[in-house]
Structures are given as C-alpha cells and as structure tokens.
file input_5.cif (mmCIF, C-alpha atoms)
data_upload
loop_
_atom_site.label_atom_id
_atom_site.label_comp_id
_atom_site.auth_asym_id
_atom_site.auth_seq_id
_atom_site.Cartn_x
_atom_site.Cartn_y
_atom_site.Cartn_z
CA MET M 102 -21.31 -5.09 -36.74
CA ASN M 103 -22.34 -1.48 -36.26
CA VAL M 104 -20.01 0.52 -38.53
CA VAL M 105 -20.72 3.90 -36.94
CA ARG M 106 -20.34 2.66 -33.37
CA PHE M 107 -16.94 1.03 -33.83
CA GLY M 108 -15.52 3.63 -36.22
CA LEU M 109 -14.33 1.18 -38.91
CA SER M 110 -14.64 1.86 -42.63
CA ARG M 111 -16.66 -0.55 -44.79
CA CYS M 112 -13.49 -1.28 -46.70
CA ALA M 113 -11.79 -2.51 -43.51
CA LEU M 114 -14.78 -4.68 -42.69
CA THR M 115 -14.77 -6.34 -46.07
CA SER M 116 -11.01 -6.76 -46.38
CA TYR M 117 -9.32 -9.00 -43.83
CA SER M 118 -5.88 -8.15 -45.18
CA ASN M 119 -6.42 -4.42 -44.64
CA HIS M 120 -7.67 -5.04 -41.08
CA ALA M 121 -4.63 -7.21 -40.33
CA ALA M 122 -2.39 -4.44 -41.64
CA ILE M 123 -4.00 -1.98 -39.21
CA LEU M 124 -3.34 -4.36 -36.31
CA GLU M 125 0.28 -4.81 -37.36
CA LYS M 126 0.75 -1.06 -37.73
CA ASN M 127 -0.37 -0.55 -34.12
CA ARG M 128 1.51 -3.52 -32.67
CA PHE M 129 4.40 -1.35 -31.43
CA ILE M 130 2.24 0.23 -28.76
CA ALA M 131 1.61 -3.14 -27.10
CA ALA M 132 5.06 -3.47 -25.59
CA VAL M 133 5.85 -1.19 -22.66
CA PRO M 134 9.56 -0.27 -22.84
CA THR M 135 10.25 -1.22 -19.21
CA ARG M 136 13.75 -2.40 -20.06
CA ASN M 137 14.69 1.17 -21.01
CA ILE M 138 13.61 2.61 -17.68
CA SER M 139 16.47 3.56 -15.33
CA PHE M 140 15.00 3.35 -11.84
CA LEU M 141 16.46 5.93 -9.46
CA GLY M 142 18.92 6.93 -12.17
CA GLY M 143 21.07 3.83 -11.66
CA PRO M 144 22.80 1.86 -8.89
CA GLU M 145 24.57 4.91 -7.37
CA LYS M 146 21.29 6.60 -6.48
CA ALA M 147 19.76 3.31 -5.33
CA ALA M 148 22.72 2.85 -2.94
CA VAL M 149 22.04 6.28 -1.40
CA VAL M 150 18.42 5.34 -0.68
CA THR M 151 19.51 2.00 0.83
CA ASP M 152 21.99 3.77 3.12
CA VAL M 153 19.27 6.17 4.25
CA MET M 154 16.91 3.29 5.09
CA GLU M 155 19.66 1.48 7.03
CA GLU M 156 20.24 4.61 9.09
CA LEU M 157 16.51 5.12 9.61
CA TYR M 158 16.20 1.60 11.01
CA ARG M 159 19.12 2.26 13.38
CA GLN M 160 17.50 5.48 14.62
CA TYR M 161 14.18 3.72 15.16
CA ASN M 162 15.84 1.08 17.34
CA GLU M 163 17.94 3.58 19.28
CA TYR M 164 15.47 6.41 19.85
CA LEU M 165 11.86 5.38 19.31
CA ARG M 166 11.58 1.70 20.10
CA PRO M 167 12.57 2.07 23.81
CA LEU M 168 9.69 4.53 24.28
CA GLU M 169 7.25 2.14 22.58
CA GLU M 170 8.35 -0.81 24.73
CA ASN M 171 8.20 1.24 27.94
CA HIS M 172 4.53 2.15 27.51
CA ASN M 173 2.74 -0.95 26.15
CA PHE M 174 2.57 0.53 22.63
CA TYR M 175 2.33 -2.93 21.04
CA HIS M 176 -0.87 -3.73 22.92
CA PHE M 177 -2.70 -1.06 20.94
CA GLY M 178 -2.60 -2.40 17.39
CA TYR M 179 1.03 -1.62 16.58
CA HIS M 180 3.92 -3.98 15.91
CA PRO M 181 7.65 -3.37 16.30
CA LEU M 182 9.19 -2.44 12.95
CA GLN M 183 11.66 -4.94 11.53
CA LYS M 184 14.65 -4.25 9.32
CA SER M 185 12.85 -5.94 6.42
CA TYR M 186 10.22 -3.17 6.54
CA PHE M 187 12.79 -0.42 6.00
CA LEU M 188 14.73 -2.26 3.27
CA ALA M 189 11.68 -3.62 1.43
CA LYS M 190 11.24 -2.53 -2.16
CA PRO M 191 8.21 -0.33 -2.92
CA MET M 192 5.00 -2.32 -3.31
CA VAL M 193 2.41 -1.84 -6.04
CA LEU M 194 -0.99 -3.34 -5.16
CA LEU M 195 -3.28 -4.35 -8.03
CA VAL M 196 -7.01 -4.55 -7.24
CA GLY M 197 -9.97 -5.19 -9.52
CA GLN M 198 -12.88 -7.40 -10.40
CA TYR M 199 -12.09 -10.68 -12.10
CA SER M 200 -10.94 -10.63 -15.73
CA THR M 201 -9.96 -6.95 -15.70
CA GLY M 202 -6.37 -7.86 -16.62
CA LYS M 203 -4.43 -7.71 -13.33
CA SER M 204 -2.18 -10.71 -14.03
CA THR M 205 -1.84 -9.68 -17.67
CA PHE M 206 -0.87 -6.18 -16.53
CA ILE M 207 1.98 -7.64 -14.46
CA LYS M 208 3.09 -9.87 -17.34
CA HIS M 209 3.02 -6.83 -19.60
CA LEU M 210 5.26 -4.81 -17.27
CA LEU M 211 7.69 -7.69 -16.80
CA GLN M 212 7.61 -8.63 -20.51
CA ARG M 213 7.50 -12.29 -19.48
CA ASP M 214 5.50 -14.88 -17.54
CA TYR M 215 6.14 -15.36 -13.84
CA PRO M 216 5.83 -18.56 -11.75
CA GLY M 217 2.22 -19.35 -10.88
CA ILE M 218 0.59 -17.06 -13.45
CA ARG M 219 -2.79 -18.12 -14.80
CA ILE M 220 -4.72 -16.00 -17.27
CA GLY M 221 -8.27 -16.55 -18.51
CA PRO M 222 -11.76 -15.02 -18.74
CA GLU M 223 -12.79 -16.76 -15.52
CA PRO M 224 -11.42 -15.94 -12.01
CA THR M 225 -7.90 -17.41 -12.15
CA THR M 226 -5.85 -15.81 -9.35
CA GLU M 227 -7.06 -17.57 -6.20
CA GLY M 228 -4.98 -15.74 -3.62
CA PHE M 229 -2.57 -12.91 -2.94
CA VAL M 230 0.69 -13.32 -4.86
CA ALA M 231 3.74 -11.14 -4.24
CA VAL M 232 5.76 -11.01 -7.45
CA MET M 233 9.32 -10.25 -6.34
CA HIS M 234 12.91 -10.56 -7.46
CA PRO M 235 14.76 -13.50 -5.84
CA LEU M 236 16.63 -12.42 -2.74
CA HIS M 237 19.60 -14.61 -3.60
CA GLY M 238 20.63 -15.34 -7.17
CA ASN M 239 18.40 -15.15 -10.24
CA ARG M 240 16.55 -18.45 -10.13
CA ASP M 241 12.77 -18.32 -10.51
CA GLY M 242 10.62 -20.11 -7.94
CA TYR M 243 7.47 -20.06 -5.83
CA ILE M 244 7.23 -19.77 -2.02
CA HIS M 245 4.02 -20.77 -0.23
CA GLY M 246 2.43 -18.59 2.43
CA ASN M 247 3.44 -20.41 5.62
CA ALA M 248 7.10 -20.35 4.61
CA LEU M 249 6.87 -16.77 3.36
CA VAL M 250 5.66 -15.22 6.63
CA VAL M 251 8.49 -16.72 8.71
CA ASP M 252 11.17 -15.39 6.37
CA LYS M 253 12.85 -12.59 8.36
CA GLU M 254 14.30 -11.07 5.19
CA ARG M 255 10.83 -10.27 3.86
CA GLN M 256 8.20 -7.91 5.22
CA PHE M 257 5.21 -10.28 5.35
CA GLY M 258 5.53 -11.60 8.91
CA PRO M 259 2.53 -9.65 10.32
CA LEU M 260 0.23 -11.49 7.89
CA GLN M 261 0.32 -14.48 10.26
CA GLN M 262 -2.48 -12.76 12.20
CA PHE M 263 -4.97 -13.69 9.46
CA GLY M 264 -4.64 -17.43 10.09
CA ASN M 265 -3.91 -20.59 8.14
CA SER M 266 -6.92 -20.23 5.84
CA PHE M 267 -5.38 -17.07 4.45
CA LEU M 268 -1.80 -18.34 4.45
CA SER M 269 -2.89 -21.19 2.18
CA LYS M 270 -3.96 -18.48 -0.30
CA LEU M 271 -0.75 -16.44 0.01
CA GLY M 272 2.34 -16.95 -2.10
CA CYS M 273 5.48 -15.33 -3.45
CA SER M 274 6.46 -15.67 -7.09
CA GLU M 275 10.19 -15.11 -7.47
CA CYS M 276 10.97 -13.81 -10.94
CA SER M 277 14.34 -12.57 -12.20
CA SER M 278 13.03 -9.47 -13.95
CA GLU M 279 15.00 -6.22 -14.05
CA LEU M 280 11.94 -4.21 -12.99
CA LEU M 281 11.52 -6.37 -9.87
CA GLN M 282 14.95 -5.32 -8.65
CA TYR M 283 13.26 -2.03 -7.74
CA LEU M 284 9.56 -2.90 -7.20
CA THR M 285 7.33 -5.61 -5.75
CA LEU M 286 4.01 -6.23 -7.49
CA ILE M 287 1.06 -7.67 -5.53
CA ASP M 288 -1.49 -9.63 -7.56
CA THR M 289 -4.83 -10.09 -5.80
CA PRO M 290 -7.86 -12.35 -6.32
CA GLY M 291 -10.51 -10.94 -8.62
CA ILE M 292 -13.40 -9.45 -6.65
CA LEU M 293 -16.35 -11.83 -6.97
CA SER M 294 -20.04 -10.97 -6.94
CA GLY M 295 -22.79 -11.98 -4.55
CA GLU M 296 -22.49 -14.86 -2.10
CA LYS M 297 -19.25 -16.22 -3.60
CA GLN M 298 -17.26 -13.23 -2.37
CA ARG M 299 -18.70 -13.49 1.15
CA ILE M 300 -18.84 -17.27 1.59
CA ASP M 301 -16.04 -18.72 -0.56
CA ARG M 302 -13.36 -16.65 1.18
CA ARG M 303 -12.56 -18.40 4.44
CA TYR M 304 -10.50 -15.49 5.70
CA ASP M 305 -10.90 -11.76 6.34
CA PHE M 306 -10.49 -10.59 2.74
CA THR M 307 -11.07 -6.90 3.44
CA GLY M 308 -8.71 -7.02 6.42
CA VAL M 309 -5.94 -8.52 4.30
CA LEU M 310 -6.61 -6.03 1.51
CA ASN M 311 -6.39 -3.15 3.98
CA TRP M 312 -3.07 -4.46 5.33
CA PHE M 313 -1.57 -4.52 1.86
CA ALA M 314 -3.04 -1.10 1.05
CA GLN M 315 -1.41 0.46 4.12
CA LYS M 316 1.97 -1.07 3.28
CA SER M 317 1.84 -0.33 -0.46
CA ASP M 318 3.33 2.71 -2.14
CA LEU M 319 0.90 2.63 -5.06
CA ILE M 320 -2.59 1.11 -5.36
CA VAL M 321 -3.78 0.43 -8.90
CA LEU M 322 -7.52 -0.12 -9.39
CA LEU M 323 -8.09 -1.82 -12.74
CA PHE M 324 -11.31 -1.45 -14.71
CA ASP M 325 -12.32 -3.12 -17.96
CA ALA M 326 -13.61 -0.52 -20.43
CA HIS M 327 -16.38 -2.96 -21.34
CA LYS M 328 -17.41 -3.78 -17.72
CA LEU M 329 -17.66 -0.54 -15.77
CA ASP M 330 -20.29 -1.67 -13.29
CA ILE M 331 -18.94 -1.60 -9.73
CA SER M 332 -20.42 -4.53 -7.83
CA ASP M 333 -21.38 -4.17 -4.18
CA GLU M 334 -18.41 -6.35 -3.26
CA PHE M 335 -15.96 -4.23 -5.24
CA ARG M 336 -17.48 -1.10 -3.75
CA SER M 337 -16.94 -2.55 -0.26
CA ALA M 338 -13.30 -3.34 -1.11
CA ILE M 339 -12.69 0.20 -2.35
CA GLU M 340 -14.31 1.70 0.74
CA THR M 341 -12.03 -0.46 2.89
CA ILE M 342 -8.89 1.08 1.37
CA LYS M 343 -10.16 4.59 0.58
CA ASP M 344 -8.19 6.07 3.50
CA ASN M 345 -5.20 5.48 1.20
CA SER M 346 -6.77 7.47 -1.64
CA GLU M 347 -3.61 9.57 -2.13
CA LYS M 348 -1.87 6.37 -3.29
CA MET M 349 -4.68 5.25 -5.61
CA ARG M 350 -4.42 5.28 -9.39
CA ILE M 351 -7.03 4.10 -11.86
CA VAL M 352 -6.19 2.04 -14.94
CA LEU M 353 -8.94 1.96 -17.56
CA ASN M 354 -7.77 -1.20 -19.30
CA LYS M 355 -8.63 -2.64 -22.74
CA ALA M 356 -9.46 0.90 -23.87
CA ASP M 357 -8.40 0.26 -27.47
CA ARG M 358 -11.52 -1.86 -27.96
CA VAL M 359 -13.68 1.28 -28.23
CA ASN M 360 -13.45 4.37 -30.42
CA ALA M 361 -12.64 7.88 -29.20
CA GLN M 362 -16.25 8.98 -28.65
CA SER M 363 -17.14 5.86 -26.67
CA LEU M 364 -13.96 6.16 -24.59
CA LEU M 365 -14.92 9.71 -23.60
CA ARG M 366 -18.33 8.53 -22.39
CA ILE M 367 -16.82 5.55 -20.56
CA TYR M 368 -14.33 7.83 -18.78
CA GLY M 369 -17.14 10.12 -17.61
CA ALA M 370 -19.22 7.19 -16.36
CA LEU M 371 -16.22 5.77 -14.50
CA MET M 372 -15.44 9.03 -12.71
CA TRP M 373 -19.09 9.46 -11.75
CA SER M 374 -19.21 5.95 -10.27
CA LEU M 375 -15.94 6.37 -8.38
CA GLY M 376 -17.00 9.75 -7.04
CA LYS M 377 -19.86 8.09 -5.16
CA VAL M 378 -17.46 5.60 -3.55
CA LEU M 379 -14.29 7.57 -2.78
CA ARG M 380 -15.99 10.88 -1.85
CA THR M 381 -12.73 12.85 -1.96
CA PRO M 382 -12.28 16.39 -3.31
CA GLU M 383 -9.11 15.34 -5.18
CA VAL M 384 -9.44 13.74 -8.60
CA VAL M 385 -7.81 10.30 -8.81
CA ARG M 386 -5.32 9.98 -11.67
CA VAL M 387 -6.63 7.77 -14.48
CA TYR M 388 -4.40 5.97 -16.99
CA ALA M 389 -6.26 4.85 -20.11
CA GLY M 390 -4.82 2.23 -22.42
CA SER M 391 -4.50 -1.47 -23.15
CA PHE M 392 -1.81 -2.91 -20.92
CA TRP M 393 -1.17 -6.22 -22.60
CA ASP M 394 0.90 -7.60 -25.49
CA GLU M 395 -1.89 -7.54 -28.05
CA PRO M 396 -1.96 -5.00 -30.91
CA LEU M 397 -4.40 -2.09 -30.76
CA LEU M 398 -7.75 -2.74 -32.40
CA PHE M 399 -8.54 0.94 -33.07
CA ASP M 400 -5.91 3.63 -33.49
CA ASP M 401 -8.20 6.59 -32.70
CA ASN M 402 -6.36 7.27 -29.43
CA LYS M 403 -2.90 5.96 -30.32
CA LYS M 404 -1.05 9.11 -29.20
CA LEU M 405 -3.09 9.27 -26.01
CA PHE M 406 -2.23 5.65 -25.13
CA GLU M 407 1.47 6.30 -25.83
CA ALA M 408 1.43 9.28 -23.45
CA GLU M 409 -0.43 7.28 -20.80
CA HIS M 410 2.16 4.49 -21.03
CA ARG M 411 4.99 6.97 -20.54
CA ASP M 412 3.30 8.69 -17.60
CA LEU M 413 2.60 5.41 -15.82
CA LEU M 414 6.17 4.21 -16.27
CA GLU M 415 7.50 7.53 -15.01
CA GLU M 416 5.42 7.18 -11.85
CA LEU M 417 6.73 3.65 -11.34
CA ARG M 418 10.25 4.93 -11.92
CA GLU M 419 9.92 7.47 -9.10
CA LEU M 420 8.50 4.98 -6.58
CA PRO M 421 11.82 3.96 -4.92
CA ARG M 422 12.65 7.57 -4.04
CA ASN M 423 9.06 8.37 -3.08
CA SER M 424 8.94 5.22 -0.97
CA ALA M 425 11.97 6.37 1.03
CA MET M 426 10.32 9.73 1.68
CA ARG M 427 7.08 7.99 2.67
CA LYS M 428 8.88 5.81 5.22
CA LEU M 429 10.57 8.88 6.69
CA ASN M 430 7.18 10.58 6.92
CA ASP M 431 5.49 7.49 8.39
CA LEU M 432 8.17 7.13 11.07
CA CYS M 433 7.71 10.79 12.06
CA LYS M 434 3.97 10.21 12.31
CA ARG M 435 4.51 7.05 14.34
CA ALA M 436 6.92 8.87 16.68
CA ARG M 437 4.36 11.59 17.41
CA THR M 438 1.67 8.97 17.99
CA ALA M 439 3.98 7.08 20.37
CA LYS M 440 4.72 10.30 22.29
CA VAL M 441 1.02 11.03 22.79
CA HIS M 442 0.49 7.42 23.85
CA ALA M 443 3.36 7.70 26.36
CA PHE M 444 1.91 10.89 27.87
CA ILE M 445 -1.46 9.16 28.41
CA MET M 446 0.01 5.94 29.83
CA GLY M 447 2.36 7.93 32.06
CA HIS M 448 -0.60 9.89 33.43
CA LEU M 449 -2.43 6.62 34.17
CA ALA M 450 0.67 5.23 35.90
CA ASP M 451 0.96 8.33 38.11
CA SER M 452 -2.70 8.00 39.07
CA MET M 453 -2.23 4.35 40.06
CA ILE M 454 0.69 5.08 42.38
CA SER M 455 -1.57 6.81 44.89
CA SER M 456 -4.03 3.90 44.94
CA VAL M 457 -3.99 1.27 47.69
CA TRP M 458 -2.13 -1.99 47.08
CA TRP M 459 -5.00 -4.44 47.60
CA SER M 460 -5.82 -6.00 44.26
CA SER M 461 -9.58 -5.43 44.60
CA LYS M 462 -9.07 -1.72 45.22
CA LYS M 463 -6.58 -1.45 42.35
CA GLU M 464 -9.12 -2.97 39.97
CA ASN M 465 -11.68 -0.42 41.11
CA LYS M 466 -9.14 2.33 40.50
CA LYS M 467 -8.46 0.96 37.03
CA GLN M 468 -12.13 1.06 36.10
CA GLU M 469 -12.42 4.55 37.54
CA LEU M 470 -9.52 5.80 35.39
CA ILE M 471 -10.91 4.16 32.26
CA GLY M 472 -14.22 5.88 32.91
CA GLN M 473 -12.42 9.21 33.30
CA LEU M 474 -10.34 8.78 30.14
CA ASP M 475 -12.01 11.69 28.33
CA ASP M 476 -11.00 14.03 31.16
CA ILE M 477 -7.50 12.54 31.11
CA PHE M 478 -7.30 13.27 27.37
CA PHE M 479 -8.22 16.89 28.07
CA ASN M 480 -5.60 17.28 30.80
CA VAL M 481 -2.88 15.62 28.70
CA SER M 482 -3.66 17.75 25.64
CA ARG M 483 -3.57 20.94 27.73
CA GLU M 484 -0.39 20.05 29.63
CA HIS M 485 1.62 18.95 26.59
CA ARG M 486 -0.05 21.21 23.99
CA ILE M 487 -1.44 18.39 21.92
CA GLU M 488 -4.21 18.97 19.41
CA ARG M 489 -7.37 17.00 20.20
CA GLY M 490 -7.25 15.53 16.72
CA ASP M 491 -3.91 13.89 17.54
CA LEU M 492 -5.37 11.95 20.48
CA PRO M 493 -6.40 8.31 19.98
CA ASN M 494 -10.01 7.25 19.59
CA LEU M 495 -11.57 7.39 23.07
CA TYR M 496 -13.75 4.28 22.84
CA ASP M 497 -11.07 2.14 21.17
CA MET M 498 -8.54 3.00 23.86
CA GLN M 499 -11.04 2.35 26.66
CA ALA M 500 -11.67 -1.13 25.23
CA GLN M 501 -7.94 -1.85 24.86
CA LEU M 502 -7.12 -0.62 28.37
CA GLN M 503 -9.47 -3.25 29.78
CA MET M 504 -6.96 -5.87 28.61
CA ILE M 505 -3.96 -4.17 30.25
CA ASP M 506 -2.60 -5.03 33.70
CA PHE M 507 -2.30 -1.57 35.23
CA SER M 508 0.37 -2.82 37.64
CA THR M 509 2.73 -2.98 34.62
CA LEU M 510 2.29 0.71 33.76
CA ARG M 511 5.44 2.79 33.98
CA ASN M 512 5.94 6.46 34.72
CA LEU M 513 6.85 8.77 31.89
CA ASN M 514 10.57 8.75 31.12
CA LYS M 515 11.33 12.31 30.05
CA ASP M 516 14.77 11.35 28.75
CA GLN M 517 13.10 9.02 26.24
CA ILE M 518 10.81 11.86 25.13
CA TYR M 519 13.80 14.19 24.66
CA ARG M 520 15.61 11.54 22.59
CA VAL M 521 12.59 11.10 20.31
CA ASP M 522 12.40 14.89 19.91
CA ASP M 523 16.08 14.92 18.93
CA MET M 524 15.43 12.19 16.38
CA LEU M 525 12.63 14.22 14.82
CA SER M 526 14.32 17.61 14.84
CA LEU M 527 17.91 16.63 14.02
CA HIS M 528 18.45 13.16 12.65
CA ILE M 529 15.38 12.77 10.42
CA SER M 530 15.98 16.16 8.83
CA LYS M 531 19.55 15.07 7.93
CA LEU M 532 18.21 11.95 6.26
CA MET M 533 15.73 14.02 4.27
CA ALA M 534 18.61 16.21 3.14
CA GLN M 535 20.43 13.09 1.95
CA ILE M 536 17.43 12.09 -0.16
CA HIS M 537 17.29 15.56 -1.71
CA LYS M 538 21.04 15.47 -2.31
CA GLU M 539 20.59 12.16 -4.14
CA GLU M 540 18.35 13.97 -6.62
CA GLN M 541 21.35 16.06 -7.68
CA LEU M 542 23.39 13.02 -8.73
CA PRO M 543 23.70 12.61 -12.52
CA GLU M 544 21.15 10.34 -14.19
CA ASP M 545 22.26 7.21 -16.01
CA GLY M 546 19.54 8.02 -18.51
CA LEU M 547 16.20 6.58 -19.53
#
call {"tool": "encode", "arguments": {"input": "input_5.cif", "output": "structure tokens"}}
result
Amino acid sequence: MNVVRFGLSRCALTSYSNHAAILEKNRFIAAVPTRNISFLGGPEKAAVVTDVMEELYRQYNEYLRPLEENHNFYHFGYHPLQKSYFLAKPMVLLVGQYSTGKSTFIKHLLQRDYPGIRIGPEPTTEGFVAVMHPLHGNRDGYIHGNALVVDKERQFGPLQQFGNSFLSKLGCSECSSELLQYLTLIDTPGILSGEKQRIDRRYDFTGVLNWFAQKSDLIVLLFDAHKLDISDEFRSAIETIKDNSEKMRIVLNKADRVNAQSLLRIYGALMWSLGKVLRTPEVVRVYAGSFWDEPLLFDDNKKLFEAEHRDLLEELRELPRNSAMRKLNDLCKRARTAKVHAFIMGHLADSMISSVWWSSKKENKKQELIGQLDDIFFNVSREHRIERGDLPNLYDMQAQLQMIDFSTLRNLNKDQIYRVDDMLSLHISKLMAQIHKEEQLPEDGL
C-alpha cells in the first residue's frame, strides 16, 4: 500500500488494533440524524401547506381547466392535473451509474431497509422504484407497476404512456419511515455502458427519466469518488434532464476512501467533466461525503463531511415548503401557456368560420392556416402583447395541428380569459401569502 498516497502512518499499517480504533472513532459520522429533523417545523406547518394545495387544486378546476378543455389543450402534450398531483409529497430523484450507492443512500437516509432493496457491486436495481410511506396504516409492502399507475391516490397515472415493458420495471416500495411522511424517494436503475444500456432496456429509458425529472423537486446525481468517468450513456441521461438543472445536486459518494489532497483533485475533475455536459453558468451544488452506515476510513475531512451531512438534510427539510411554492409557480406558468394557446386556437377558429362548408374546401383551408401559422403567431403576439419567446414551437404546433379536426375548434371565450387573469392576480397571490405566513409559525425544533 502506498503510505504517502493514502495518508496513513506506518504505525497504523502495522497495527490492526490501532486501525480498528480509528474506524470506531469515526463511526459516529456514518449515521445521518434524520430522526431529529423536524420537517416543516411540525404538523401545524404541514397542515397549512396541505390546505394551500387543496385550494390550489380547487382553483385549477374552477378557473383554468375550463379554458384548457375549450381549446384542445390536451392534444398538445399536456394532461389534466389530478388532485394526487397537488397533494403528492415532494419527490427526490436519484440518478447515477451502477454501484454508486443509490439504494444504499436511501437506506442510509431511512436508517433501515425497505421492501425490494438489493445492494451489491453489480447492477442490482432493475427498474424505477418509488419509496413512499404507506397511504393507509404503517404496514410495509410492495406494489407492482400496473397496479400503481391505476391508483388514483398516487401521481403515477401518466406513466401508462410508456407501455407494459416499462410498467413491469416500475414499482412502489411502501415503507413506514418517518422521513417518508414528508418525502418520496425515487430509486432508478444504474446507468449501464455500451450496448446493454441501449438494447437491454425494452422501453424509452430517457423518456421515463425525463418524466420523473420534470415531476421531481430535487434531482441527486451520485458519483463514486473512485469512478469519476462519465460514460456516453450517463452523459446522454444527464443531457436529457439538464433543462431541470436548477433542481440538480451532486453527491460525491464514498469520499472518505481518499485523503484530503486526492479529494480536492477528484472534486476538480468532477466539476470539469460536468461542465462539459451541463453547460450552465451556475455552479451545481456538490455534497461530498460517504452516505452509508460504514465508519469513515480516513478522518482527514471529518468536519467537512459533518457539515455536508447537515447541509443536505437541511435542503431535504425545506423541500415540502419549496415544493408548494414550485407548484404555485408551475400552475402560473401553465396558466399563461394555456392563455397563449387559447388565443392561437381562437384565431384559427375565427378564420375557419368564413370558410365554405364543403369538407374538401375546409381541409384546404386547414392546410392553408397551418402553412400561415408563423404569420398567425405574429398577429396574436401583437394583438395580445405576447412576447415571441412565450409562443409555442412553430414546427411542433404545425405537426400537432395536422391531427386536429378543425371543425371542433371553438371561438375564444373572453370570460374564461378574465377568470384565469383573476386567478393569477388575486387568488394565487393570496395562497403565496399563506405560505409566507406559515414561515412565521413557531418551529417545533430540529
């Protein structure tokens, strides 16, 4: 063993008892004190957030959903929002190459095993596993994919679009952990290399990963300090979800297996590699440590690892509140998108009214309008003072309009537009004030 490289004294190398004493001395750092974390400051604050989400769902159904249904919004890649979406706990998505410690990371946070867990040096997690608290009672169990997606109380219904091959690789591990009363953890298959990643998956892996990334409140990319190379397949997976870079966090796992000097070099190499993939001006937050229940091998960075543990837990602690704010923000964004969509579809409907009623002529008119869509975008943006960047992609919408029966188009209902404006200017702002008021409630303590 290279004494200089690993930073151990010759005495420690020649004395097993001394080395064991060092491991025992550092054992306390292995356990993350998740049981001492008070999420949202206790049940009173959690109840405030739940009430806000209930009201947000009611406002969506009363104000925004009628506008979406009136203008074929669901034919353009959107789905109606269900109550389970608003009341779902924040999701944390774990992504990494195989054997980087994703399942062990979850076990470490929960301080216990969960149904279906398999840990080993080889690829062990075969599919996507949602680790959740039981909806009813405290009994552990496992729900397979086909049953999971038809459960109206959970938010996974849209995953049916990826077919039976994927659903056979989807599951829900119900685990009665205190942490899971506030969070849902998503374990993913380890990213494979070469042909295995492309051929062995009989479903759209990147599509599924992107779906989870969009719905997650935090995306954790795990790296093994001893295996920093980013395979082409892992690079492709990261590029698929990089539009969610503001939610990404990096965990440099198993970092206690190297000394301080090596860790500094590894950190620099990791940031250089990620910079070529993410290509964002913001620096992604990196947590360095060893997130498992083993004692530290080297104590060079003991204080650093303690601080990293605390920071990561604090970010997890804030997720329920941040998730509520994100859903408020996402609904505002969706409302503005639906308004722009309604303006365009209303313009197309007005243009069809003047066309003749023979079906052959109406089809010609449809193709003419689709060909003039860029001009229609310009007119709509000028009439309603819409920024060009807020308009949909021209070529995507032209392709989607080909599948629409233009005889079903409806004129713009201005009352629906006014109601959505009221929702944005009055009701949403009141809900945001409720969230901020919740922050003033006394904490139950950490």
call {"tool": "residues_around", "arguments": {"input": "input_5.cif", "residues": "Ile287 of chain M", "least_positions_apart": "3", "cutoff": "8 Å", "atoms": "only C-alpha atoms", "output": "PyMOL selection string"}}
result
chain M and resi 192-195+229-232
call {"tool": "residues_around", "arguments": {"input": "input_5.cif", "residues": "Arg386 of chain M", "least_positions_apart": "6", "cutoff": "10 Å", "atoms": "all atoms listed in the file", "output": "number ranges by chain"}}
result
M: 347-352
call {"tool": "resolve_selection", "arguments": {"input": "input_5.cif", "expression": "the PyMOL selection byres ((chain M and resi 391) around 12)", "output": "ChimeraX atom specification"}}
result
/M:127-128,130-133,201-203,205-206,209-210,323-326,352-359,388-390,392-400,402-403,405-407,409-410
call {"tool": "residues_around", "arguments": {"input": "input_5.cif", "residues": "Cys273 of chain M", "least_positions_apart": "3", "cutoff": "12 Å", "atoms": "all atoms listed in the file", "output": "PyMOL selection string"}}
result
chain M and resi 215-218+228-236+241-250+252+255-257+268-270+276+285-289
call {"tool": "atom_distance", "arguments": {"input": "input_5.cif", "atom1": "atom CA of Phe263 of chain M", "atom2": "atom CA of Leu211 of chain M"}}
result
29.8 Å
call {"tool": "atom_distance", "arguments": {"input": "input_5.cif", "atom1": "atom CA of Ala361 of chain M", "atom2": "atom CA of Ile320 of chain M"}}
result
26.7 Å
